[in-house]
file upload.cif (mmCIF, C-alpha atoms)
data_structure
loop_
_atom_site.label_atom_id
_atom_site.label_comp_id
_atom_site.auth_asym_id
_atom_site.auth_seq_id
_atom_site.Cartn_x
_atom_site.Cartn_y
_atom_site.Cartn_z
CA MET A 1 -27.24 -18.25 -8.15
CA THR A 2 -24.41 -19.36 -5.95
CA LEU A 3 -21.97 -18.86 -8.80
CA LEU A 4 -23.35 -15.54 -9.92
CA ARG A 5 -21.42 -13.42 -7.47
CA PRO A 6 -18.01 -15.04 -8.00
CA ILE A 7 -18.48 -14.83 -11.76
CA LEU A 8 -19.44 -11.15 -11.50
CA MET A 9 -16.42 -10.49 -9.32
CA LEU A 10 -14.14 -12.20 -11.83
CA LEU A 11 -15.71 -10.13 -14.59
CA VAL A 12 -15.02 -6.94 -12.68
CA VAL A 13 -11.38 -7.92 -12.15
CA ALA A 14 -10.98 -8.95 -15.78
CA GLY A 15 -12.67 -5.75 -16.92
CA ALA A 16 -10.35 -3.60 -14.84
CA CYS A 17 -7.26 -5.45 -16.13
CA GLY A 18 -8.55 -5.17 -19.69
CA LEU A 19 -9.23 -1.46 -19.39
CA THR A 20 -5.78 -0.93 -17.92
CA TRP A 21 -4.14 -2.84 -20.72
CA LYS A 22 -6.12 -0.90 -23.30
CA PHE A 23 -5.75 2.59 -21.96
CA ALA A 24 -2.66 2.81 -19.77
CA GLU A 25 0.38 4.43 -21.27
CA HIS A 26 2.83 1.91 -22.62
CA HIS A 27 6.56 2.50 -22.30
CA PRO A 28 8.65 0.20 -24.43
CA ALA A 29 12.00 -0.55 -22.84
CA THR A 30 15.42 -1.89 -23.71
CA ASN A 31 17.18 -4.77 -22.07
CA ASP A 32 19.90 -2.76 -20.39
CA GLN A 33 17.29 -0.77 -18.50
CA ALA A 34 15.27 -3.86 -17.61
CA PHE A 35 15.12 -3.18 -13.86
CA MET A 36 14.09 0.42 -14.28
CA ALA A 37 11.41 -0.50 -16.80
CA LEU A 38 10.06 -3.15 -14.43
CA TYR A 39 10.05 -0.83 -11.45
CA MET A 40 8.14 1.71 -13.49
CA HIS A 41 5.19 -0.66 -13.26
CA LEU A 42 4.89 0.39 -9.64
CA MET A 43 4.25 3.99 -10.62
CA PRO A 44 0.70 4.98 -11.57
CA ALA A 45 0.18 5.03 -15.32
CA LYS A 46 -2.02 7.71 -16.80
CA LEU A 47 -4.91 6.54 -18.92
CA VAL A 48 -4.57 8.00 -22.39
CA ALA A 49 -7.02 7.93 -25.24
CA GLY A 50 -6.36 5.98 -28.39
CA GLN A 51 -2.90 4.64 -27.77
CA ALA A 52 -2.54 0.95 -26.95
CA GLY A 53 -1.88 -1.13 -30.06
CA ASP A 54 -1.57 2.05 -32.02
CA HIS A 55 2.04 2.27 -33.08
CA ALA A 56 1.43 4.87 -35.77
CA GLU A 57 3.88 7.22 -34.12
CA SER A 58 6.25 4.32 -33.63
CA ASP A 59 9.58 5.38 -35.13
CA ALA A 60 9.72 8.94 -33.89
CA GLY A 61 8.11 8.00 -30.58
CA GLU A 62 10.22 4.98 -29.75
CA GLY A 63 13.44 6.54 -30.89
CA SER A 64 13.09 9.41 -28.50
CA GLU A 65 11.82 7.08 -25.77
CA ALA A 66 14.85 4.83 -26.02
CA ARG A 67 17.04 7.86 -25.54
CA SER A 68 15.01 9.24 -22.68
CA HIS A 69 14.98 5.86 -20.93
CA GLY A 70 18.72 5.56 -21.42
CA GLU A 71 19.48 8.11 -18.76
CA PRO A 72 18.86 7.12 -15.16
CA GLY A 73 15.69 9.15 -14.88
CA GLU A 74 13.91 7.52 -12.00
CA GLY A 75 10.53 8.89 -11.03
CA GLU A 76 10.06 10.78 -14.27
CA HIS A 77 7.58 8.70 -16.15
CA ALA A 78 4.90 10.01 -18.40
CA GLY A 79 6.43 13.36 -19.09
CA GLY A 80 8.62 12.48 -22.02
CA ALA A 81 6.93 9.55 -23.70
CA HIS A 82 3.99 9.70 -26.10
CA GLU A 83 3.74 13.41 -26.45
CA GLY A 84 0.73 13.17 -28.68
CA ALA A 85 -1.66 11.14 -26.51
CA PRO A 86 -4.17 13.15 -24.48
CA PRO A 87 -5.36 11.81 -21.14
CA LEU A 88 -8.56 9.82 -21.22
CA VAL A 89 -10.26 11.46 -18.27
CA ALA A 90 -9.02 14.78 -16.94
CA LEU A 91 -10.73 16.84 -14.30
CA PRO A 92 -9.74 20.50 -13.99
CA LEU A 93 -8.72 21.57 -10.52
CA PRO A 94 -8.25 25.01 -9.00
CA GLY A 95 -4.69 26.21 -9.24
CA VAL A 96 -4.04 25.60 -5.56
CA PHE A 97 -3.65 21.91 -6.33
CA GLY A 98 -0.84 22.46 -8.79
CA PHE A 99 1.16 19.67 -7.18
CA PHE A 100 -1.35 17.10 -8.44
CA ASP A 101 -1.32 18.35 -12.02
CA GLY A 102 -1.03 15.39 -14.34
CA ASP A 103 -1.23 17.08 -17.70
CA PRO A 104 1.22 19.96 -18.10
CA ARG A 105 0.09 20.71 -21.63
CA HIS A 106 -3.24 22.19 -20.59
CA ASP A 107 -3.62 25.38 -18.60
CA GLY A 108 -4.33 24.97 -14.93
CA ALA A 109 -4.06 21.88 -12.78
CA GLN A 110 -5.67 18.79 -14.24
CA LEU A 111 -6.48 15.71 -12.23
CA VAL A 112 -5.75 12.87 -14.64
CA MET A 113 -7.26 9.43 -14.19
CA THR A 114 -4.63 6.75 -13.73
CA ASN A 115 -4.88 2.98 -13.69
CA LEU A 116 -4.94 3.12 -9.90
CA GLN A 117 -8.35 4.76 -9.99
CA LEU A 118 -9.60 1.90 -12.16
CA PHE A 119 -8.60 -0.61 -9.53
CA GLN A 120 -9.99 1.43 -6.70
CA ILE A 121 -13.33 1.52 -8.50
CA ALA A 122 -12.97 -2.21 -9.13
CA ALA A 123 -12.33 -2.78 -5.42
CA VAL A 124 -15.46 -0.85 -4.46
CA LEU A 125 -17.52 -2.77 -7.03
CA LEU A 126 -16.10 -6.02 -5.73
CA VAL A 127 -17.08 -5.11 -2.18
CA PHE A 128 -20.62 -4.29 -3.28
CA ILE A 129 -20.98 -7.46 -5.33
CA ALA A 130 -19.47 -9.72 -2.70
CA PHE A 131 -21.60 -8.33 0.11
CA SER A 132 -24.83 -8.08 -1.86
CA GLY A 133 -26.24 -11.22 -0.28
CA VAL A 134 -25.15 -10.54 3.30
CA PRO A 135 -28.10 -8.41 4.51
CA SER A 136 -30.66 -11.03 3.46
CA TYR A 137 -28.45 -13.75 4.99
CA LEU A 138 -28.33 -11.88 8.28
CA ARG A 139 -32.10 -11.55 8.29
CA SER A 140 -33.11 -15.02 7.14
CA GLY A 141 -30.12 -17.26 7.77
CA ARG A 142 -29.99 -18.57 4.19
CA GLY A 143 -27.07 -17.76 1.96
CA ASP A 144 -24.43 -19.35 -0.20
CA ALA A 145 -20.91 -20.12 0.90
CA LEU A 146 -19.40 -16.77 -0.10
CA THR A 147 -22.07 -14.85 1.79
CA ARG A 148 -21.66 -16.95 4.90
CA THR A 149 -17.88 -16.64 4.83
CA LEU A 150 -17.97 -12.88 4.47
CA ALA A 151 -20.62 -12.54 7.15
CA GLY A 152 -18.47 -14.68 9.44
CA PHE A 153 -15.46 -12.45 8.89
CA CYS A 154 -17.54 -9.36 9.54
CA VAL A 155 -18.80 -10.88 12.79
CA ALA A 156 -15.21 -11.66 13.77
CA ILE A 157 -14.16 -8.07 13.04
CA ARG A 158 -17.12 -6.78 14.99
CA ASP A 159 -16.68 -8.94 18.07
CA GLU A 160 -12.93 -9.31 18.39
CA MET A 161 -11.68 -6.05 16.95
CA VAL A 162 -14.28 -3.31 17.34
CA TYR A 163 -16.45 -4.33 20.31
CA ALA A 164 -13.48 -5.71 22.23
CA LYS A 165 -11.80 -2.29 22.23
CA MET A 166 -14.64 0.19 22.04
CA GLY A 167 -17.54 -1.49 23.78
CA LYS A 168 -20.90 -2.26 22.26
CA ASP A 169 -22.58 1.13 21.98
CA LEU A 170 -19.62 3.14 20.75
CA GLY A 171 -18.46 0.26 18.60
CA ALA A 172 -21.82 -0.01 16.89
CA ARG A 173 -21.52 3.57 15.68
CA PHE A 174 -18.03 3.11 14.31
CA LEU A 175 -18.44 -0.41 12.95
CA PRO A 176 -19.41 0.64 9.39
CA LEU A 177 -16.32 2.80 9.09
CA PHE A 178 -13.92 0.09 10.19
CA LEU A 179 -15.61 -2.58 8.13
CA SER A 180 -15.37 -0.34 5.06
CA ILE A 181 -11.71 0.40 5.70
CA PHE A 182 -10.88 -3.28 6.20
CA TRP A 183 -12.64 -4.64 3.11
CA PHE A 184 -11.59 -1.77 0.87
CA VAL A 185 -7.92 -2.11 1.82
CA LEU A 186 -8.12 -5.91 1.62
CA PHE A 187 -9.60 -5.91 -1.87
CA MET A 188 -7.14 -3.30 -3.11
CA ASN A 189 -4.21 -5.28 -1.70
CA LEU A 190 -5.43 -8.54 -3.18
CA LEU A 191 -6.16 -6.98 -6.57
CA GLY A 192 -2.50 -6.06 -6.78
CA LEU A 193 -1.59 -9.72 -6.95
CA VAL A 194 -3.62 -10.36 -10.09
CA PRO A 195 -1.40 -10.38 -13.19
CA GLY A 196 -1.83 -7.23 -15.20
CA ALA A 197 -3.36 -5.31 -12.30
CA ALA A 198 -1.96 -2.38 -10.39
CA THR A 199 -1.90 -2.16 -6.62
CA ALA A 200 -3.72 0.96 -5.60
CA THR A 201 -2.32 0.79 -2.09
CA ALA A 202 1.21 0.73 -3.48
CA SER A 203 0.78 4.43 -4.07
CA PRO A 204 1.53 6.71 -1.12
CA TYR A 205 -1.30 9.01 -2.18
CA VAL A 206 -3.95 6.31 -1.81
CA THR A 207 -2.68 5.21 1.57
CA ALA A 208 -2.40 8.86 2.56
CA ALA A 209 -6.09 9.27 1.81
CA LEU A 210 -6.90 6.25 3.98
CA ALA A 211 -4.66 7.49 6.78
CA LEU A 212 -6.30 10.91 6.45
CA VAL A 213 -9.65 9.25 7.06
CA THR A 214 -8.28 7.81 10.30
CA LEU A 215 -6.70 11.12 11.29
CA LEU A 216 -9.86 13.12 10.66
CA THR A 217 -11.92 10.55 12.56
CA MET A 218 -9.47 10.76 15.45
CA LEU A 219 -9.51 14.54 15.57
CA GLY A 220 -13.16 15.07 14.73
CA CYS A 221 -14.62 12.48 17.06
CA GLY A 222 -12.12 13.23 19.81
CA MET A 223 -12.82 16.92 19.74
CA SER A 224 -16.58 16.53 19.49
CA VAL A 225 -16.79 14.00 22.34
CA GLN A 226 -14.34 15.61 24.73
CA GLY A 227 -14.60 19.22 23.69
CA PRO A 228 -12.08 20.95 21.43
CA LEU A 229 -9.70 22.20 24.12
CA ALA A 230 -10.16 19.28 26.51
CA TYR A 231 -9.07 16.91 23.76
CA TRP A 232 -5.68 18.54 23.44
CA LYS A 233 -5.33 18.85 27.18
CA ASN A 234 -6.14 15.19 27.75
CA LEU A 235 -3.50 14.05 25.30
CA VAL A 236 -0.84 14.38 27.97
CA PRO A 237 -0.86 11.95 30.90
CA HIS A 238 -0.30 13.20 34.44
CA VAL A 239 3.20 14.60 34.50
CA PRO A 240 4.94 17.19 36.71
CA ALA A 241 4.31 20.76 35.57
CA TRP A 242 7.86 21.37 34.38
CA LEU A 243 7.62 18.38 32.06
CA TRP A 244 4.27 19.32 30.58
CA PRO A 245 5.41 21.49 27.61
CA LEU A 246 7.76 18.82 26.37
CA MET A 247 5.20 16.06 26.79
CA PHE A 248 2.57 18.18 25.07
CA LEU A 249 4.85 18.65 22.09
CA VAL A 250 5.61 14.93 22.00
CA GLU A 251 1.94 14.00 22.17
CA VAL A 252 0.91 16.48 19.46
CA ILE A 253 3.60 15.12 17.18
CA GLY A 254 2.38 11.65 18.13
CA VAL A 255 -1.14 12.48 16.95
CA LEU A 256 0.25 13.34 13.54
CA VAL A 257 2.86 10.61 13.35
CA LYS A 258 0.54 7.71 14.16
CA PRO A 259 -1.57 7.98 10.96
CA PHE A 260 1.61 8.78 9.06
CA ALA A 261 2.99 5.48 10.26
CA LEU A 262 -0.19 3.79 9.01
CA LEU A 263 0.48 5.37 5.63
CA ILE A 264 4.09 4.30 5.43
CA ARG A 265 3.44 0.80 6.76
CA LEU A 266 0.77 -0.05 4.20
CA PHE A 267 2.53 1.69 1.30
CA ALA A 268 5.94 0.18 1.99
CA ASN A 269 4.62 -3.33 2.58
CA MET A 270 2.76 -3.35 -0.71
CA THR A 271 5.47 -1.66 -2.74
CA GLY A 272 8.27 -3.69 -1.19
CA GLY A 273 6.66 -7.02 -1.99
CA HIS A 274 6.11 -6.03 -5.59
CA MET A 275 9.60 -4.62 -5.90
CA VAL A 276 11.14 -7.90 -4.79
CA VAL A 277 9.07 -9.87 -7.31
CA LEU A 278 9.95 -7.40 -10.07
CA SER A 279 13.62 -7.61 -9.12
CA PHE A 280 13.59 -11.38 -9.51
CA MET A 281 11.92 -11.05 -12.88
CA GLY A 282 14.40 -8.39 -13.87
CA LEU A 283 17.24 -10.77 -13.11
CA ILE A 284 16.13 -12.85 -16.08
CA PHE A 285 16.51 -9.89 -18.42
CA PHE A 286 19.68 -8.79 -16.70
CA PHE A 287 21.27 -12.16 -17.28
CA ALA A 288 20.19 -12.16 -20.90
CA GLY A 289 22.32 -9.13 -21.41
CA ASN A 290 22.49 -6.92 -24.41
CA ASP A 291 22.85 -9.79 -26.83
CA PHE A 292 19.44 -11.16 -25.73
CA SER A 293 21.08 -14.50 -25.01
CA ALA A 294 18.34 -17.07 -24.57
CA LEU A 295 20.63 -19.63 -22.97
CA LYS A 296 21.72 -17.40 -20.12
CA SER A 297 18.26 -16.10 -19.38
CA LEU A 298 16.66 -19.54 -19.60
CA SER A 299 19.21 -20.93 -17.17
CA ILE A 300 18.34 -18.36 -14.53
CA ALA A 301 14.61 -18.40 -15.24
CA PRO A 302 13.53 -21.39 -13.08
CA VAL A 303 15.36 -20.02 -10.03
CA ALA A 304 14.01 -16.52 -10.54
CA VAL A 305 10.46 -17.63 -11.18
CA GLY A 306 10.61 -20.00 -8.22
CA PHE A 307 11.71 -17.26 -5.85
CA ALA A 308 9.14 -14.89 -7.30
CA VAL A 309 6.34 -17.39 -6.71
CA PHE A 310 7.50 -17.90 -3.15
CA ILE A 311 7.56 -14.16 -2.54
CA MET A 312 4.10 -13.81 -4.04
CA ILE A 313 2.76 -16.41 -1.61
CA ILE A 314 4.18 -14.34 1.21
CA GLU A 315 2.71 -11.23 -0.41
CA GLY A 316 -0.76 -12.74 -0.31
CA PHE A 317 -0.38 -13.26 3.42
CA VAL A 318 1.04 -9.75 3.84
CA ALA A 319 -1.91 -8.28 1.93
CA VAL A 320 -4.42 -9.76 4.37
CA LEU A 321 -2.23 -9.00 7.38
CA GLN A 322 -1.71 -5.37 6.44
CA ALA A 323 -5.43 -4.81 5.95
CA TYR A 324 -6.00 -6.33 9.40
CA ILE A 325 -3.23 -4.22 10.97
CA PHE A 326 -4.48 -1.01 9.36
CA THR A 327 -7.97 -1.60 10.70
CA GLN A 328 -6.79 -2.72 14.13
CA LEU A 329 -4.57 0.33 14.57
CA SER A 330 -7.30 2.64 13.32
CA ILE A 331 -9.64 1.19 15.93
CA LEU A 332 -6.96 1.68 18.56
CA PHE A 333 -6.27 5.29 17.60
CA VAL A 334 -9.92 6.30 17.37
CA ASN A 335 -10.63 4.63 20.69
CA MET A 336 -7.69 6.38 22.33
CA SER A 337 -8.84 9.73 21.02
CA ILE A 338 -12.36 9.26 22.36
CA HIS A 339 -11.45 7.62 25.68
CA PRO A 340 -7.97 8.85 26.56
CA GLY A 341 -7.71 6.47 29.48
CA HIS A 342 -5.63 8.77 31.67
CA MET B 1 42.30 9.18 0.77
CA TYR B 2 41.16 11.15 -2.21
CA ILE B 3 37.59 10.59 -3.39
CA ALA B 4 36.77 11.94 -6.82
CA GLN B 5 33.73 14.15 -7.15
CA ASP B 6 31.78 11.70 -9.28
CA GLN B 7 32.44 8.88 -6.83
CA VAL B 8 30.77 10.70 -3.95
CA ILE B 9 27.26 9.98 -5.21
CA ASP B 10 28.03 6.29 -5.60
CA ILE B 11 29.45 6.07 -2.11
CA ALA B 12 26.32 7.77 -0.79
CA ARG B 13 24.25 5.14 -2.53
CA MET B 14 26.35 2.43 -0.96
CA GLY B 15 25.42 3.98 2.37
CA ALA B 16 21.78 3.49 1.46
CA GLY B 17 22.44 -0.19 0.83
CA ILE B 18 24.25 -0.63 4.13
CA GLY B 19 21.43 1.19 5.89
CA ALA B 20 18.81 -1.15 4.46
CA GLY B 21 20.85 -4.11 5.62
CA ILE B 22 21.13 -2.81 9.17
CA VAL B 23 17.38 -2.17 9.17
CA ALA B 24 16.76 -5.81 8.33
CA VAL B 25 18.98 -6.85 11.24
CA GLY B 26 17.02 -4.66 13.65
CA ALA B 27 13.66 -5.92 12.45
CA GLY B 28 14.85 -9.51 12.62
CA ILE B 29 16.08 -9.15 16.20
CA GLY B 30 12.91 -7.40 17.33
CA ILE B 31 10.49 -9.83 15.77
CA GLY B 32 12.59 -12.74 16.94
CA LYS B 33 12.34 -11.57 20.52
CA ILE B 34 8.60 -11.16 20.20
CA GLY B 35 8.34 -14.68 18.83
CA ALA B 36 10.45 -16.08 21.65
CA ALA B 37 8.41 -14.32 24.33
CA ALA B 38 5.14 -15.34 22.68
CA ASN B 39 6.13 -18.99 22.51
CA GLU B 40 7.30 -19.00 26.09
CA GLY B 41 4.05 -17.41 27.22
CA ILE B 42 1.96 -19.92 25.33
CA ALA B 43 4.07 -22.75 26.75
CA ARG B 44 3.48 -21.55 30.30
CA GLN B 45 -0.25 -20.94 29.84
CA PRO B 46 -1.76 -22.66 26.83
CA GLU B 47 -5.24 -21.24 27.46
CA ALA B 48 -3.92 -17.74 26.74
CA ALA B 49 -2.64 -18.81 23.34
CA LYS B 50 -5.20 -16.78 21.40
CA ASP B 51 -4.59 -13.53 23.28
CA ILE B 52 -0.84 -13.91 23.07
CA SER B 53 -0.87 -14.69 19.36
CA GLY B 54 -3.19 -11.79 18.58
CA GLY B 55 -1.08 -9.31 20.50
CA SER B 56 2.24 -10.52 19.13
CA LEU B 57 0.95 -10.30 15.56
CA ILE B 58 0.15 -6.62 16.01
CA LEU B 59 3.49 -5.94 17.69
CA ALA B 60 5.36 -7.71 14.90
CA ALA B 61 3.55 -5.59 12.35
CA LEU B 62 4.44 -2.44 14.30
CA ILE B 63 8.12 -3.36 14.28
CA GLU B 64 7.84 -4.17 10.60
CA GLY B 65 6.39 -0.69 10.11
CA VAL B 66 9.44 0.90 11.71
CA ALA B 67 11.71 -1.20 9.54
CA LEU B 68 9.80 -0.08 6.48
CA PHE B 69 10.16 3.56 7.54
CA ALA B 70 13.88 3.06 7.21
CA VAL B 71 13.50 1.26 3.89
CA VAL B 72 11.51 4.19 2.55
CA VAL B 73 14.28 6.54 3.71
CA THR B 74 16.80 4.36 1.88
CA LEU B 75 14.75 4.49 -1.27
CA LEU B 76 14.56 8.25 -0.95
CA ILE B 77 18.35 8.38 -0.72
CA LEU B 78 18.61 6.43 -3.92
CA ILE B 79 16.03 8.41 -5.78
CA LEU B 80 16.50 11.97 -4.57
#

call {"tool": "encode", "arguments": {"input": "upload.cif", "output": "structure tokens"}}
result
Amino acid sequence: MTLLRPILMLLVVAGACGLTWKFAEHHPATNDQAFMALYMHLMPAKLVAGQAGDHAESDAGEGSEARSHGEPGEGEHAGGAHEGAPPLVALPLPGVFGFFDGDPRHDGAQLVMTNLQLFQIAAVLLVFIAFSGVPSYLRSGRGDALTRTLAGFCVAIRDEMVYAKMGKDLGARFLPLFLSIFWFVLFMNLLGLVPGAATATASPYVTAALALVTLLTMLGCGMSVQGPLAYWKNLVPHVPAWLWPLMFLVEVIGVLVKPFALLIRLFANMTGGHMVVLSFMGLIFFFAGNDFSALKSLSIAPVAVGFAVFIMIIEGFVAVLQAYIFTQLSILFVNMSIHPGH
Amino acid sequence: MYIAQDQVIDIARMGAGIGAGIVAVGAGIGIGKIGAAANEGIARQPEAAKDISGGSLILAALIEGVALFAVVVTLLILIL
């Protein structure tokens, strides 16, 4: 029984990686565009039906792909390649959301499932599986090592992060939210380090959704506790009357900028770490050159792989730290919006 | 000094590189000062070590966030 949960968690991770490998769009690349092809792994890849391993449209498809990857077309990924593969899961949206349209061939905006969604679902499943023994451990005091570790971390988050800032009664009402944010972000960050997996938090849209949760909590709870107008009035500390308009503008912008900073911090930390690792790997292909010289690339390979391993160790630490920072700052912001303190 | 039209974009991209470098300098100085102050505080009062370390970790991450703002701007220069 003690091994059941870790094995299930590994199965979930392996299943998500396998589904990504099977269904995500595959862009073959040439050696002179090695860096760009590697960086494309940081962009979300749409899941398409019936495509991986199927090179039936190989000659026409890869010929046009090689030409379309030849130009420096950064940021333009799934538009040109594999014209014939329909998305695996597509949800129609009202036309207002045209910006999020992932499938231009169908009428109307379509929300297309990407490999990021797979790993978000995997992160949620991992949280449920890992914490499945914690309630009975908290009631009876008996649990295996994983359960006790996770319960210990939750107690640490509760006592040192939430209750320390918000007090016991208010903290108890917000504790589920902050625990969910912490473990969700932590599992998404850590999943990004698994080979073959995509980092969901390396997408600004995912971190924007998380920051939006914090922003809506700030605004909603602040306005419901203090009253809608009193909340905006209490944003500004005691200043002389002639300074008040300027300070009000600064504080209103601050309310919007603080979750935006949460977004950028998490997104850039995750993406930056991966970009450095991908750059080191790309150096190997860059040194091989167009003649695919094995000698040159093998000579640079130990150095590149060594640096990449070192950076990945740092990335593991950054993954945990950024989850902690996101949660800590969310606690701070929500607390400041409920108890302005001045 | 005459700059050809097709060189302008490349020089703009060089600006992005220089900007990213200056950002790293700023972040390094800031986090270094936090580390120095934290170590001095812990040396003066070892029983406050936990509070000081906890606070300085958050401050270092905040400075890192500002540095990454600038890195994102640099990436936008390169891409847009």

call {"tool": "resolve_selection", "arguments": {"input": "upload.cif", "expression": "the PyMOL selection byres ((chain A) within 12 of (chain B))", "output": "number ranges by chain"}}
result
A: 36, 72-76, 160-161, 164, 204, 257-273, 275, 318, 321-329, 332

call {"tool": "resolve_selection", "arguments": {"input": "upload.cif", "expression": "the PyMOL selection byres ((chain A and resi 111-127) around 7)", "output": "tab-separated table (two decimals) with C-alpha atoms, keeping the file's coordinate frame"}}
result
chain	number	residue	atom	x	y	z
A	9	MET	CA	-16.42	-10.49	-9.32
A	12	VAL	CA	-15.02	-6.94	-12.68
A	13	VAL	CA	-11.38	-7.92	-12.15
A	16	ALA	CA	-10.35	-3.60	-14.84
A	20	THR	CA	-5.78	-0.93	-17.92
A	24	ALA	CA	-2.66	2.81	-19.77
A	44	PRO	CA	0.70	4.98	-11.57
A	45	ALA	CA	0.18	5.03	-15.32
A	46	LYS	CA	-2.02	7.71	-16.80
A	47	LEU	CA	-4.91	6.54	-18.92
A	87	PRO	CA	-5.36	11.81	-21.14
A	89	VAL	CA	-10.26	11.46	-18.27
A	90	ALA	CA	-9.02	14.78	-16.94
A	91	LEU	CA	-10.73	16.84	-14.30
A	92	PRO	CA	-9.74	20.50	-13.99
A	93	LEU	CA	-8.72	21.57	-10.52
A	100	PHE	CA	-1.35	17.10	-8.44
A	101	ASP	CA	-1.32	18.35	-12.02
A	102	GLY	CA	-1.03	15.39	-14.34
A	103	ASP	CA	-1.23	17.08	-17.70
A	109	ALA	CA	-4.06	21.88	-12.78
A	110	GLN	CA	-5.67	18.79	-14.24
A	128	PHE	CA	-20.62	-4.29	-3.28
A	129	ILE	CA	-20.98	-7.46	-5.33
A	130	ALA	CA	-19.47	-9.72	-2.70
A	131	PHE	CA	-21.60	-8.33	0.11
A	183	TRP	CA	-12.64	-4.64	3.11
A	184	PHE	CA	-11.59	-1.77	0.87
A	187	PHE	CA	-9.60	-5.91	-1.87
A	188	MET	CA	-7.14	-3.30	-3.11
A	198	ALA	CA	-1.96	-2.38	-10.39
A	199	THR	CA	-1.90	-2.16	-6.62
A	200	ALA	CA	-3.72	0.96	-5.60

call {"tool": "atom_distance", "arguments": {"input": "upload.cif", "atom1": "CA of Gly28 in chain B", "atom2": "CA of Ala308 in chain A"}}
result
21.4 Å

call {"tool": "residues_around", "arguments": {"input": "upload.cif", "residues": "Gly35 in chain B", "least_positions_apart": "5", "cutoff": "10 Å", "atoms": "all atoms listed in the file", "output": "ChimeraX atom specification"}}
result
/B:29-30,40-41,53,56-57,60

call {"tool": "residues_around", "arguments": {"input": "upload.cif", "residues": "range 278-281 of chain A", "least_positions_apart": "6", "cutoff": "10 Å", "atoms": "all atoms listed in the file", "output": "PDB file with C-alpha atoms, in the coordinates of the input"}}
result
ATOM      1  CA  ALA A  34      15.270  -3.860 -17.610  1.00  0.00           C
ATOM      2  CA  PHE A  35      15.120  -3.180 -13.860  1.00  0.00           C
ATOM      3  CA  MET A  36      14.090   0.420 -14.280  1.00  0.00           C
ATOM      4  CA  ALA A  37      11.410  -0.500 -16.800  1.00  0.00           C
ATOM      5  CA  LEU A  38      10.060  -3.150 -14.430  1.00  0.00           C
ATOM      6  CA  TYR A  39      10.050  -0.830 -11.450  1.00  0.00           C
ATOM      7  CA  MET A  40       8.140   1.710 -13.490  1.00  0.00           C
ATOM      8  CA  HIS A  41       5.190  -0.660 -13.260  1.00  0.00           C
ATOM      9  CA  LEU A  42       4.890   0.390  -9.640  1.00  0.00           C
ATOM     10  CA  GLY A 272       8.270  -3.690  -1.190  1.00  0.00           C
ATOM     11  CA  ILE A 300      18.340 -18.360 -14.530  1.00  0.00           C
ATOM     12  CA  ALA A 301      14.610 -18.400 -15.240  1.00  0.00           C
ATOM     13  CA  VAL A 303      15.360 -20.020 -10.030  1.00  0.00           C
ATOM     14  CA  ALA A 304      14.010 -16.520 -10.540  1.00  0.00           C
ATOM     15  CA  VAL A 305      10.460 -17.630 -11.180  1.00  0.00           C
ATOM     16  CA  GLY A 306      10.610 -20.000  -8.220  1.00  0.00           C
ATOM     17  CA  PHE A 307      11.710 -17.260  -5.850  1.00  0.00           C
ATOM     18  CA  ALA A 308       9.140 -14.890  -7.300  1.00  0.00           C
ATOM     19  CA  VAL A 309       6.340 -17.390  -6.710  1.00  0.00           C
ATOM     20  CA  ILE A 311       7.560 -14.160  -2.540  1.00  0.00           C
TER      21      ILE A 311
END

call {"tool": "resolve_selection", "arguments": {"input": "upload.cif", "expression": "the PyMOL selection byres ((chain B and resi 9-23) around 8)", "output": "PDB file with C-alpha atoms, keeping the file's coordinate frame"}}
result
ATOM      1  CA  GLN B   5      33.730  14.150  -7.150  1.00  0.00           C
ATOM      2  CA  ASP B   6      31.780  11.700  -9.280  1.00  0.00           C
ATOM      3  CA  GLN B   7      32.440   8.880  -6.830  1.00  0.00           C
ATOM      4  CA  VAL B   8      30.770  10.700  -3.950  1.00  0.00           C
ATOM      5  CA  ALA B  24      16.760  -5.810   8.330  1.00  0.00           C
ATOM      6  CA  VAL B  25      18.980  -6.850  11.240  1.00  0.00           C
ATOM      7  CA  GLY B  26      17.020  -4.660  13.650  1.00  0.00           C
ATOM      8  CA  ALA B  27      13.660  -5.920  12.450  1.00  0.00           C
ATOM      9  CA  ALA B  67      11.710  -1.200   9.540  1.00  0.00           C
ATOM     10  CA  ALA B  70      13.880   3.060   7.210  1.00  0.00           C
ATOM     11  CA  VAL B  71      13.500   1.260   3.890  1.00  0.00           C
ATOM     12  CA  THR B  74      16.800   4.360   1.880  1.00  0.00           C
ATOM     13  CA  LEU B  75      14.750   4.490  -1.270  1.00  0.00           C
ATOM     14  CA  ILE B  77      18.350   8.380  -0.720  1.00  0.00           C
ATOM     15  CA  LEU B  78      18.610   6.430  -3.920  1.00  0.00           C
TER      16      LEU B  78
END

call {"tool": "residues_near_point", "arguments": {"input": "upload.cif", "point": "(-7.6, 15.3, 25.6)", "cutoff": "9 Å", "atoms": "all atoms listed in the file", "output": "ChimeraX atom specification"}}
result
/A:222-223,226-236,337-340

call {"tool": "atom_distance", "arguments": {"input": "upload.cif", "atom1": "CA of Thr201 in chain A", "atom2": "CA of Met336 in chain A"}}
result
25.6 Å

call {"tool": "residues_around", "arguments": {"input": "upload.cif", "residues": "range 47-52 of chain B", "least_positions_apart": "6", "cutoff": "10 Å", "atoms": "only C-alpha atoms", "output": "JSON list (two decimals) with C-alpha atoms, in the frame of the given file"}}
result
[["chain", "number", "residue", "atom", "x", "y", "z"],
["B", 37, "ALA", "CA", 8.41, -14.32, 24.33],
["B", 38, "ALA", "CA", 5.14, -15.34, 22.68],
["B", 39, "ASN", "CA", 6.13, -18.99, 22.51],
["B", 41, "GLY", "CA", 4.05, -17.41, 27.22]]
